[in-house]
file protein_19.txt (compact mmCIF, C-alpha atoms and all ligand atoms)
# COMPACT_ATOMS: atom_id res chain seq x y z
CA PHE A 3 2.44 23.60 10.54
CA THR A 4 4.08 20.37 11.54
CA ILE A 5 5.31 17.32 9.68
CA GLY A 6 6.22 14.02 11.31
CA LEU A 7 9.34 11.90 10.97
CA VAL A 8 9.14 8.28 12.10
CA THR A 9 12.71 7.03 12.11
CA THR A 10 14.85 4.06 12.92
CA SER A 11 17.63 4.46 15.53
CA LEU A 12 19.22 7.91 15.50
CA ALA A 13 22.33 6.35 17.04
CA LEU A 14 23.10 5.31 13.44
CA HIS A 15 24.87 7.92 11.31
CA ALA A 16 22.71 7.82 8.17
CA PRO A 17 19.31 8.20 9.88
CA SER A 18 20.64 10.95 12.13
CA GLN A 19 22.02 12.81 9.11
CA ILE A 20 18.63 12.42 7.42
CA ALA A 21 16.80 13.72 10.51
CA ALA A 22 19.05 16.80 10.64
CA SER A 23 18.45 17.52 6.95
CA VAL A 24 14.69 16.93 7.15
CA LYS A 25 14.56 19.48 10.00
CA LYS A 26 16.61 21.95 7.99
CA TYR A 27 14.46 21.79 4.86
CA ALA A 28 11.17 21.68 6.75
CA HIS A 29 12.16 24.76 8.75
CA GLN A 30 13.06 26.56 5.53
CA ALA A 31 9.53 25.84 4.31
CA GLY A 32 8.06 27.12 7.58
CA TYR A 33 7.28 23.71 9.10
CA GLN A 34 8.20 22.16 12.46
CA VAL A 35 9.24 18.50 12.63
CA LEU A 36 8.05 16.07 15.28
CA ILE A 37 10.39 13.09 15.47
CA SER A 38 9.34 9.67 16.71
CA MET A 39 12.15 7.13 16.96
CA ILE A 40 11.57 3.39 16.86
CA ASP A 41 14.13 0.97 18.11
CA GLY A 42 12.90 -2.57 18.58
CA ASP A 43 9.62 -4.22 17.54
CA VAL A 44 8.98 -2.32 14.34
CA ASN A 45 5.58 -3.56 13.21
CA GLN A 46 3.44 -2.54 16.16
CA SER A 47 5.43 0.57 17.01
CA ILE A 48 5.14 2.25 13.61
CA GLN A 49 1.38 2.42 13.92
CA ASP A 50 1.71 3.63 17.53
CA SER A 51 4.06 6.38 16.39
CA ILE A 52 1.77 7.40 13.54
CA ASN A 53 -1.22 7.50 15.90
CA GLU A 54 0.71 9.66 18.31
CA LEU A 55 1.63 12.06 15.50
CA LYS A 56 -2.00 12.12 14.29
CA SER A 57 -3.14 13.05 17.79
CA GLN A 58 -0.88 16.11 17.46
CA ARG A 59 -2.62 17.04 14.19
CA VAL A 60 0.23 15.93 11.98
CA GLU A 61 -1.05 15.09 8.49
CA ARG A 62 2.15 14.50 6.56
CA VAL A 63 4.67 11.95 7.72
CA ILE A 64 8.08 10.83 6.46
CA ILE A 65 8.85 7.23 7.39
CA ASN A 66 12.52 6.21 7.54
CA ILE A 67 12.12 2.62 8.68
CA PRO A 68 13.25 -0.31 6.50
CA LEU A 69 10.04 -1.88 5.18
CA GLU A 70 9.33 -4.60 2.65
CA SER A 71 6.73 -3.53 0.07
CA ALA A 72 3.88 -5.52 1.65
CA GLU A 73 4.40 -3.96 5.08
CA ALA A 74 4.72 -0.47 3.61
CA GLY A 75 1.51 -1.08 1.62
CA ARG A 76 -0.31 -2.09 4.79
CA ILE A 77 0.81 1.07 6.57
CA TYR A 78 -0.33 3.14 3.60
CA GLU A 79 -3.74 1.40 3.54
CA ASN A 80 -4.28 1.82 7.27
CA ASN A 81 -3.49 5.53 7.16
CA ARG A 82 -5.37 6.93 4.18
CA ASP A 83 -6.34 9.98 6.25
CA ILE A 84 -2.73 11.25 6.20
CA LEU A 85 0.08 11.37 3.67
CA CYS A 86 2.99 8.95 4.22
CA LEU A 87 6.25 9.18 2.28
CA PHE A 88 8.75 6.32 2.67
CA LEU A 89 12.56 6.61 2.61
CA ASP A 90 13.61 2.98 3.09
CA VAL A 91 11.56 0.74 0.82
CA ASP A 92 12.23 -0.95 -2.50
CA PRO A 93 12.08 2.04 -4.89
CA THR A 94 9.85 0.02 -7.23
CA SER A 95 7.29 -0.43 -4.44
CA PRO A 96 3.91 1.22 -5.19
CA VAL A 97 3.98 3.37 -2.03
CA PHE A 98 4.96 7.05 -2.26
CA ASN A 99 8.76 7.07 -1.78
CA VAL A 100 12.06 8.86 -2.32
CA CYS A 101 14.77 6.18 -2.27
CA PHE A 102 18.19 5.43 -3.68
CA ASN A 103 18.73 3.06 -6.56
CA PRO A 104 20.07 0.02 -4.68
CA ALA A 105 21.85 -1.37 -7.73
CA ASP A 106 23.97 1.30 -9.42
CA GLY A 107 26.52 1.90 -6.64
CA SER A 108 26.64 -1.76 -5.63
CA ARG A 109 27.31 -2.80 -9.21
CA ALA A 110 29.96 -0.06 -9.62
CA SER A 111 31.78 -1.33 -6.49
CA VAL A 112 32.06 -4.85 -7.86
CA GLU A 113 33.07 -3.64 -11.33
CA TYR A 114 35.75 -1.37 -9.89
CA LEU A 115 37.35 -4.09 -7.75
CA HIS A 116 37.07 -6.63 -10.55
CA ASP A 117 38.85 -4.25 -12.94
CA LEU A 118 41.63 -3.90 -10.35
CA GLY A 119 42.05 -7.69 -10.54
CA HIS A 120 40.20 -8.80 -7.39
CA ARG A 121 38.52 -12.22 -7.55
CA GLU A 122 38.20 -13.19 -3.85
CA PHE A 123 35.36 -11.21 -2.29
CA ALA A 124 34.06 -11.28 1.27
CA LEU A 125 30.59 -9.75 1.64
CA LEU A 126 29.55 -8.10 4.89
CA ALA A 127 25.92 -7.08 4.52
CA GLY A 128 23.66 -5.16 6.87
CA PRO A 129 20.90 -6.83 8.92
CA GLU A 130 18.75 -9.48 7.26
CA ASP A 131 15.53 -7.65 8.12
CA SER A 132 16.53 -4.45 6.29
CA VAL A 133 15.21 -4.12 2.76
CA SER A 134 18.10 -1.82 1.70
CA SER A 135 20.62 -4.25 3.09
CA ARG A 136 18.96 -7.09 1.18
CA LEU A 137 18.84 -5.16 -2.13
CA ARG A 138 22.49 -4.08 -1.87
CA LEU A 139 23.55 -7.66 -1.16
CA GLU A 140 21.49 -9.04 -4.05
CA SER A 141 23.06 -6.56 -6.41
CA TRP A 142 26.63 -7.42 -5.29
CA GLN A 143 25.84 -11.14 -5.71
CA GLU A 144 24.24 -10.67 -9.13
CA THR A 145 27.17 -8.66 -10.45
CA LEU A 146 29.69 -11.18 -9.09
CA ALA A 147 27.69 -14.08 -10.56
CA GLU A 148 27.76 -12.44 -13.99
CA LYS A 149 31.54 -12.60 -13.73
CA GLY A 150 31.45 -16.22 -12.63
CA ILE A 151 32.53 -15.35 -9.08
CA GLN A 152 31.18 -16.93 -5.91
CA PRO A 153 31.92 -14.84 -2.81
CA VAL A 154 34.30 -16.39 -0.30
CA THR A 155 31.78 -15.68 2.45
CA VAL A 156 28.56 -13.74 3.11
CA ILE A 157 27.78 -12.54 6.60
CA HIS A 158 25.45 -10.02 8.21
CA GLY A 159 26.16 -7.28 10.72
CA ASP A 160 23.70 -4.90 12.38
CA TRP A 161 25.00 -1.63 10.79
CA SER A 162 27.15 -0.75 13.84
CA ALA A 163 30.95 -0.37 13.89
CA LYS A 164 31.04 -2.99 16.63
CA SER A 165 29.33 -5.58 14.42
CA GLY A 166 31.77 -4.71 11.62
CA TYR A 167 34.67 -5.30 13.97
CA TYR A 168 33.47 -8.71 15.16
CA SER A 169 32.36 -9.79 11.69
CA ALA A 170 35.84 -9.01 10.33
CA LEU A 171 37.43 -11.08 13.10
CA GLN A 172 35.10 -13.95 12.21
CA ILE A 173 36.00 -13.69 8.51
CA LEU A 174 39.75 -13.58 9.29
CA ARG A 175 39.32 -16.71 11.41
CA GLU A 176 37.07 -18.73 9.12
CA THR A 177 37.70 -17.63 5.53
CA PRO A 178 40.88 -15.53 5.43
CA GLN A 179 41.49 -16.04 1.68
CA PHE A 180 39.86 -12.80 0.46
CA THR A 181 41.46 -9.75 -1.15
CA ALA A 182 38.42 -7.46 -1.19
CA MET A 183 35.55 -6.80 1.17
CA LEU A 184 32.24 -5.17 0.28
CA VAL A 185 30.62 -3.71 3.36
CA GLY A 186 26.93 -2.70 3.66
CA ASN A 187 27.64 0.64 5.34
CA ASP A 188 30.50 2.89 6.45
CA GLN A 189 30.00 2.36 10.19
CA MET A 190 30.58 -1.38 9.79
CA ALA A 191 33.54 -0.56 7.52
CA LEU A 192 35.02 1.50 10.36
CA GLY A 193 34.93 -1.56 12.60
CA VAL A 194 36.39 -3.73 9.83
CA ILE A 195 39.31 -1.32 9.39
CA SER A 196 40.01 -1.42 13.11
CA ALA A 197 39.99 -5.24 13.22
CA LEU A 198 42.25 -5.55 10.16
CA HIS A 199 44.73 -3.01 11.56
CA GLN A 200 44.94 -5.00 14.79
CA HIS A 201 45.74 -8.14 12.81
CA ASN A 202 48.33 -6.37 10.67
CA VAL A 203 46.30 -6.77 7.51
CA ALA A 204 47.23 -3.67 5.50
CA ILE A 205 44.51 -1.70 3.72
CA PRO A 206 44.65 -1.42 0.73
CA GLN A 207 47.96 -3.35 0.24
CA HIS A 208 46.53 -6.72 1.40
CA VAL A 209 42.81 -6.09 1.37
CA SER A 210 40.62 -3.51 -0.38
CA ILE A 211 37.48 -2.26 1.36
CA ILE A 212 34.44 -0.47 -0.05
CA GLY A 213 31.74 0.92 2.23
CA TYR A 214 28.30 2.38 1.64
CA ASP A 215 26.71 5.74 2.62
CA ASP A 216 29.59 8.25 2.52
CA THR A 217 28.42 9.89 5.74
CA TYR A 218 30.28 13.03 6.84
CA ASP A 219 33.03 11.09 8.68
CA SER A 220 33.94 8.57 5.99
CA ALA A 221 36.59 10.70 4.24
CA PHE A 222 38.45 10.89 7.58
CA PHE A 223 38.74 7.17 8.31
CA HIS A 224 42.27 5.78 8.06
CA PRO A 225 42.67 5.06 5.23
CA ALA A 226 40.08 7.43 3.75
CA LEU A 227 37.22 5.15 2.73
CA THR A 228 36.26 4.27 -0.82
CA THR A 229 32.48 4.08 -0.62
CA VAL A 230 29.13 4.32 -2.36
CA SER A 231 27.95 7.85 -1.83
CA LEU A 232 24.30 8.43 -0.92
CA ASP A 233 23.35 12.10 -0.99
CA LEU A 234 21.26 11.91 2.19
CA ASP A 235 20.84 15.67 2.29
CA LEU A 236 19.35 15.59 -1.21
CA GLN A 237 17.08 12.67 -0.27
CA SER A 238 15.79 14.68 2.69
CA LYS A 239 15.29 17.79 0.58
CA GLU A 240 13.39 15.88 -2.10
CA ALA A 241 11.30 14.12 0.56
CA VAL A 242 10.26 17.39 2.22
CA GLU A 243 9.53 19.01 -1.15
CA HIS A 244 7.45 16.06 -2.37
CA LEU A 245 5.57 15.84 0.89
CA LEU A 246 4.72 19.53 0.93
CA ALA A 247 3.83 19.71 -2.77
CA GLU A 248 0.59 21.50 -3.59
CA ASN A 249 -1.18 18.43 -4.82
CA PRO A 250 0.65 15.45 -3.36
CA GLU A 251 -1.77 12.93 -4.88
CA THR A 252 -0.31 13.65 -8.30
CA MET A 253 3.28 13.49 -7.08
CA SER A 254 5.24 10.47 -8.16
CA SER A 255 7.99 8.65 -6.31
CA LYS A 256 11.58 9.48 -7.07
CA ILE A 257 14.66 7.26 -7.41
CA LEU A 258 17.98 8.90 -6.54
CA PRO A 259 21.32 7.72 -7.96
CA ALA A 260 24.18 6.39 -5.81
CA LYS A 261 27.74 6.64 -7.04
CA LEU A 262 31.10 5.15 -6.14
CA VAL A 263 33.59 7.58 -4.58
CA VAL A 264 37.16 6.30 -4.82
CA ARG A 265 39.51 7.16 -1.92
CA ASN A 266 42.39 5.25 -0.33
CA SER A 267 40.95 1.94 0.91
CA THR A 268 41.07 0.25 -2.50
CA ARG A 269 43.76 -0.68 -4.97
C1 LIG A 301 20.63 3.23 5.54
C2 LIG A 301 22.12 3.34 5.69
O1 LIG A 301 22.73 3.09 4.45
C3 LIG A 301 22.65 2.34 6.70
O2 LIG A 301 23.98 2.68 6.99
C4 LIG A 301 21.83 2.33 7.98
O3 LIG A 301 22.10 3.51 8.72
C5 LIG A 301 20.37 2.23 7.65
O4 LIG A 301 19.96 3.29 6.78
C6 LIG A 301 19.50 2.28 8.88
O5 LIG A 301 18.24 1.82 8.56
S1 LIG A 301 20.11 4.63 4.57
C7 LIG A 301 18.41 4.38 4.29
C8 LIG A 301 17.78 5.67 3.82
C9 LIG A 301 18.23 3.30 3.26

call {"tool": "encode", "arguments": {"input": "protein_19.txt", "output": "structure tokens"}}
result
Amino acid sequence: FTIGLVTTSLALHAPSQIAASVKKYAHQAGYQVLISMIDGDVNQSIQDSINELKSQRVERVIINIPLESAEAGRIYENNRDILCLFLDVDPTSPVFNVCFNPADGSRASVEYLHDLGHREFALLAGPEDSVSSRLRLESWQETLAEKGIQPVTVIHGDWSAKSGYYSALQILRETPQFTAMLVGNDQMALGVISALHQHNVAIPQHVSIIGYDDTYDSAFFHPALTTVSLDLDLQSKEAVEHLLAENPETMSSKILPAKLVVRNSTR
């Protein structure tokens, strides 16, 4: 038996960790995994990938591509002959999904920094076309607004360390009056740390940083990164289990919690 995984770029840490875990749990259940990676024009290529998997007799597919609910619904409608489970949609979307709560960890990050006395926040979100990036950003902004705080700046990277590096340089140049930075993922946070070190901005003495993901490397950044931990291995396990359930039609979606892990990049 074979299940399919349609995934966004495996050059990114989180999706590659998910792919490794999906393989592991599928193998344990006696299934092979066919992986189709999409990097570029998402809308056409997802259907191409699904068609390719169908031609190899794959009937159950995990989709780890950021999709707004309407797009995900369209993919579901156009592929009623197979079972699609989504990993990167709004968890309240009606499509079958296993996703993280986008609000709990984001809210906890703001609360934690606010309790430490921070009032000047720079926000470095992920790409504008990613639903998870958008939901994390909205939750940061909502929590800050409840405290009467307007962020010093909001900018978008592309999830890569390189974009984190250049975004941090831009923020230092244009709006240097921040004491805390919320970053949409750990890879961008890695680039931010590098840029701040180069400009002799001490972390956490001058600036506190919180990332998002807690991928395997994040505890070994310098300083060890405070971040919102997503249990990607658990997400993959739940996804494989749900997808292979006896009667998947009766299976409901599942929302997984995300929690703040405090290390040395905040104070
Ligand atoms: C999400 C990661 O948090 C982010 O770092 C980036 O890798 C992104 O995936 C790529 O799409 S995790 C996803 C399951 C919401």

call {"tool": "closest_atom_pairs", "arguments": {"input": "protein_19.txt", "of": "chain A", "to": "ligand LIG 301 (chain A)", "cutoff": "8 Å", "atoms": "only C-alpha atoms and all ligand atoms", "output": "JSON lines"}}
result
{"residue": "A:Thr10", "atom": "CA", "partner": "A:LIG301", "partner_atom": "O5", "distance": 6.0}
{"residue": "A:Ser11", "atom": "CA", "partner": "A:LIG301", "partner_atom": "C6", "distance": 7.2}
{"residue": "A:Leu14", "atom": "CA", "partner": "A:LIG301", "partner_atom": "O3", "distance": 5.1}
{"residue": "A:His15", "atom": "CA", "partner": "A:LIG301", "partner_atom": "O3", "distance": 5.8}
{"residue": "A:Ala16", "atom": "CA", "partner": "A:LIG301", "partner_atom": "O3", "distance": 4.4}
{"residue": "A:Pro17", "atom": "CA", "partner": "A:LIG301", "partner_atom": "O3", "distance": 5.6}
{"residue": "A:Ile20", "atom": "CA", "partner": "A:LIG301", "partner_atom": "C8", "distance": 7.7}
{"residue": "A:Asn66", "atom": "CA", "partner": "A:LIG301", "partner_atom": "C8", "distance": 6.5}
{"residue": "A:Ile67", "atom": "CA", "partner": "A:LIG301", "partner_atom": "O5", "distance": 6.2}
{"residue": "A:Pro68", "atom": "CA", "partner": "A:LIG301", "partner_atom": "O5", "distance": 5.8}
{"residue": "A:Leu89", "atom": "CA", "partner": "A:LIG301", "partner_atom": "C8", "distance": 5.4}
{"residue": "A:Asp90", "atom": "CA", "partner": "A:LIG301", "partner_atom": "C9", "distance": 4.6}
{"residue": "A:Val91", "atom": "CA", "partner": "A:LIG301", "partner_atom": "C9", "distance": 7.5}
{"residue": "A:Cys101", "atom": "CA", "partner": "A:LIG301", "partner_atom": "C8", "distance": 6.8}
{"residue": "A:Phe102", "atom": "CA", "partner": "A:LIG301", "partner_atom": "C9", "distance": 7.3}
{"residue": "A:Gly128", "atom": "CA", "partner": "A:LIG301", "partner_atom": "C3", "distance": 7.6}
{"residue": "A:Ser132", "atom": "CA", "partner": "A:LIG301", "partner_atom": "O5", "distance": 6.9}
{"residue": "A:Ser134", "atom": "CA", "partner": "A:LIG301", "partner_atom": "C9", "distance": 5.4}
{"residue": "A:Ser135", "atom": "CA", "partner": "A:LIG301", "partner_atom": "O1", "distance": 7.8}
{"residue": "A:Trp161", "atom": "CA", "partner": "A:LIG301", "partner_atom": "C4", "distance": 5.8}
{"residue": "A:Gly186", "atom": "CA", "partner": "A:LIG301", "partner_atom": "O2", "distance": 7.0}
{"residue": "A:Asn187", "atom": "CA", "partner": "A:LIG301", "partner_atom": "O2", "distance": 4.5}
{"residue": "A:Asp188", "atom": "CA", "partner": "A:LIG301", "partner_atom": "O2", "distance": 6.5}
{"residue": "A:Gln189", "atom": "CA", "partner": "A:LIG301", "partner_atom": "O2", "distance": 6.8}
{"residue": "A:Tyr214", "atom": "CA", "partner": "A:LIG301", "partner_atom": "O1", "distance": 6.3}
{"residue": "A:Asp215", "atom": "CA", "partner": "A:LIG301", "partner_atom": "O1", "distance": 5.1}
{"residue": "A:Leu232", "atom": "CA", "partner": "A:LIG301", "partner_atom": "O1", "distance": 7.7}
{"residue": "A:Leu234", "atom": "CA", "partner": "A:LIG301", "partner_atom": "C8", "distance": 7.3}

call {"tool": "closest_residue", "arguments": {"input": "protein_19.txt", "among": "A:His224, A:Ser18, A:Val133, A:Glu113", "to": "Ser71 in chain A", "atoms": "only C-alpha atoms"}}
result
A:Val133

call {"tool": "residues_around", "arguments": {"input": "protein_19.txt", "residues": "Asp131 in chain A", "least_positions_apart": "5", "cutoff": "10 Å", "atoms": "all atoms listed in the file", "output": "number ranges by chain"}}
result
A: 68-70, 136, 160

call {"tool": "write_last_selection", "arguments": {"input": "protein_19.txt", "atoms": "C-alpha atoms", "output": "PDB file, keeping the file's coordinate frame"}}
result
ATOM      1  CA  PRO A  68      13.250  -0.310   6.500  1.00  0.00           C
ATOM      2  CA  LEU A  69      10.040  -1.880   5.180  1.00  0.00           C
ATOM      3  CA  GLU A  70       9.330  -4.600   2.650  1.00  0.00           C
ATOM      4  CA  ARG A 136      18.960  -7.090   1.180  1.00  0.00           C
ATOM      5  CA  ASP A 160      23.700  -4.900  12.380  1.00  0.00           C
TER       6      ASP A 160
END

call {"tool": "atom_distance", "arguments": {"input": "protein_19.txt", "atom1": "CA of Ser238 in chain A", "atom2": "CA of Met253 in chain A"}}
result
15.9 Å

call {"tool": "closest_residue", "arguments": {"input": "protein_19.txt", "among": "A:Asn103, A:Gln19, A:Gln207, A:Thr9", "to": "Met39 in chain A", "atoms": "all atoms listed in the file"}}
result
A:Thr9

call {"tool": "residues_around", "arguments": {"input": "protein_19.txt", "residues": "Ser95 in chain A", "least_positions_apart": "2", "cutoff": "10 Å", "atoms": "all atoms listed in the file", "output": "PyMOL selection string"}}
result
chain A and resi 70-72+74-75+88+91-93+97-99+255

call {"tool": "atom_distance", "arguments": {"input": "protein_19.txt", "atom1": "CA of Thr94 in chain A", "atom2": "CA of Gly107 in chain A"}}
result
16.8 Å

call {"tool": "atom_distance", "arguments": {"input": "protein_19.txt", "atom1": "CA of Arg62 in chain A", "atom2": "CA of Gln30 in chain A"}}
result
16.3 Å
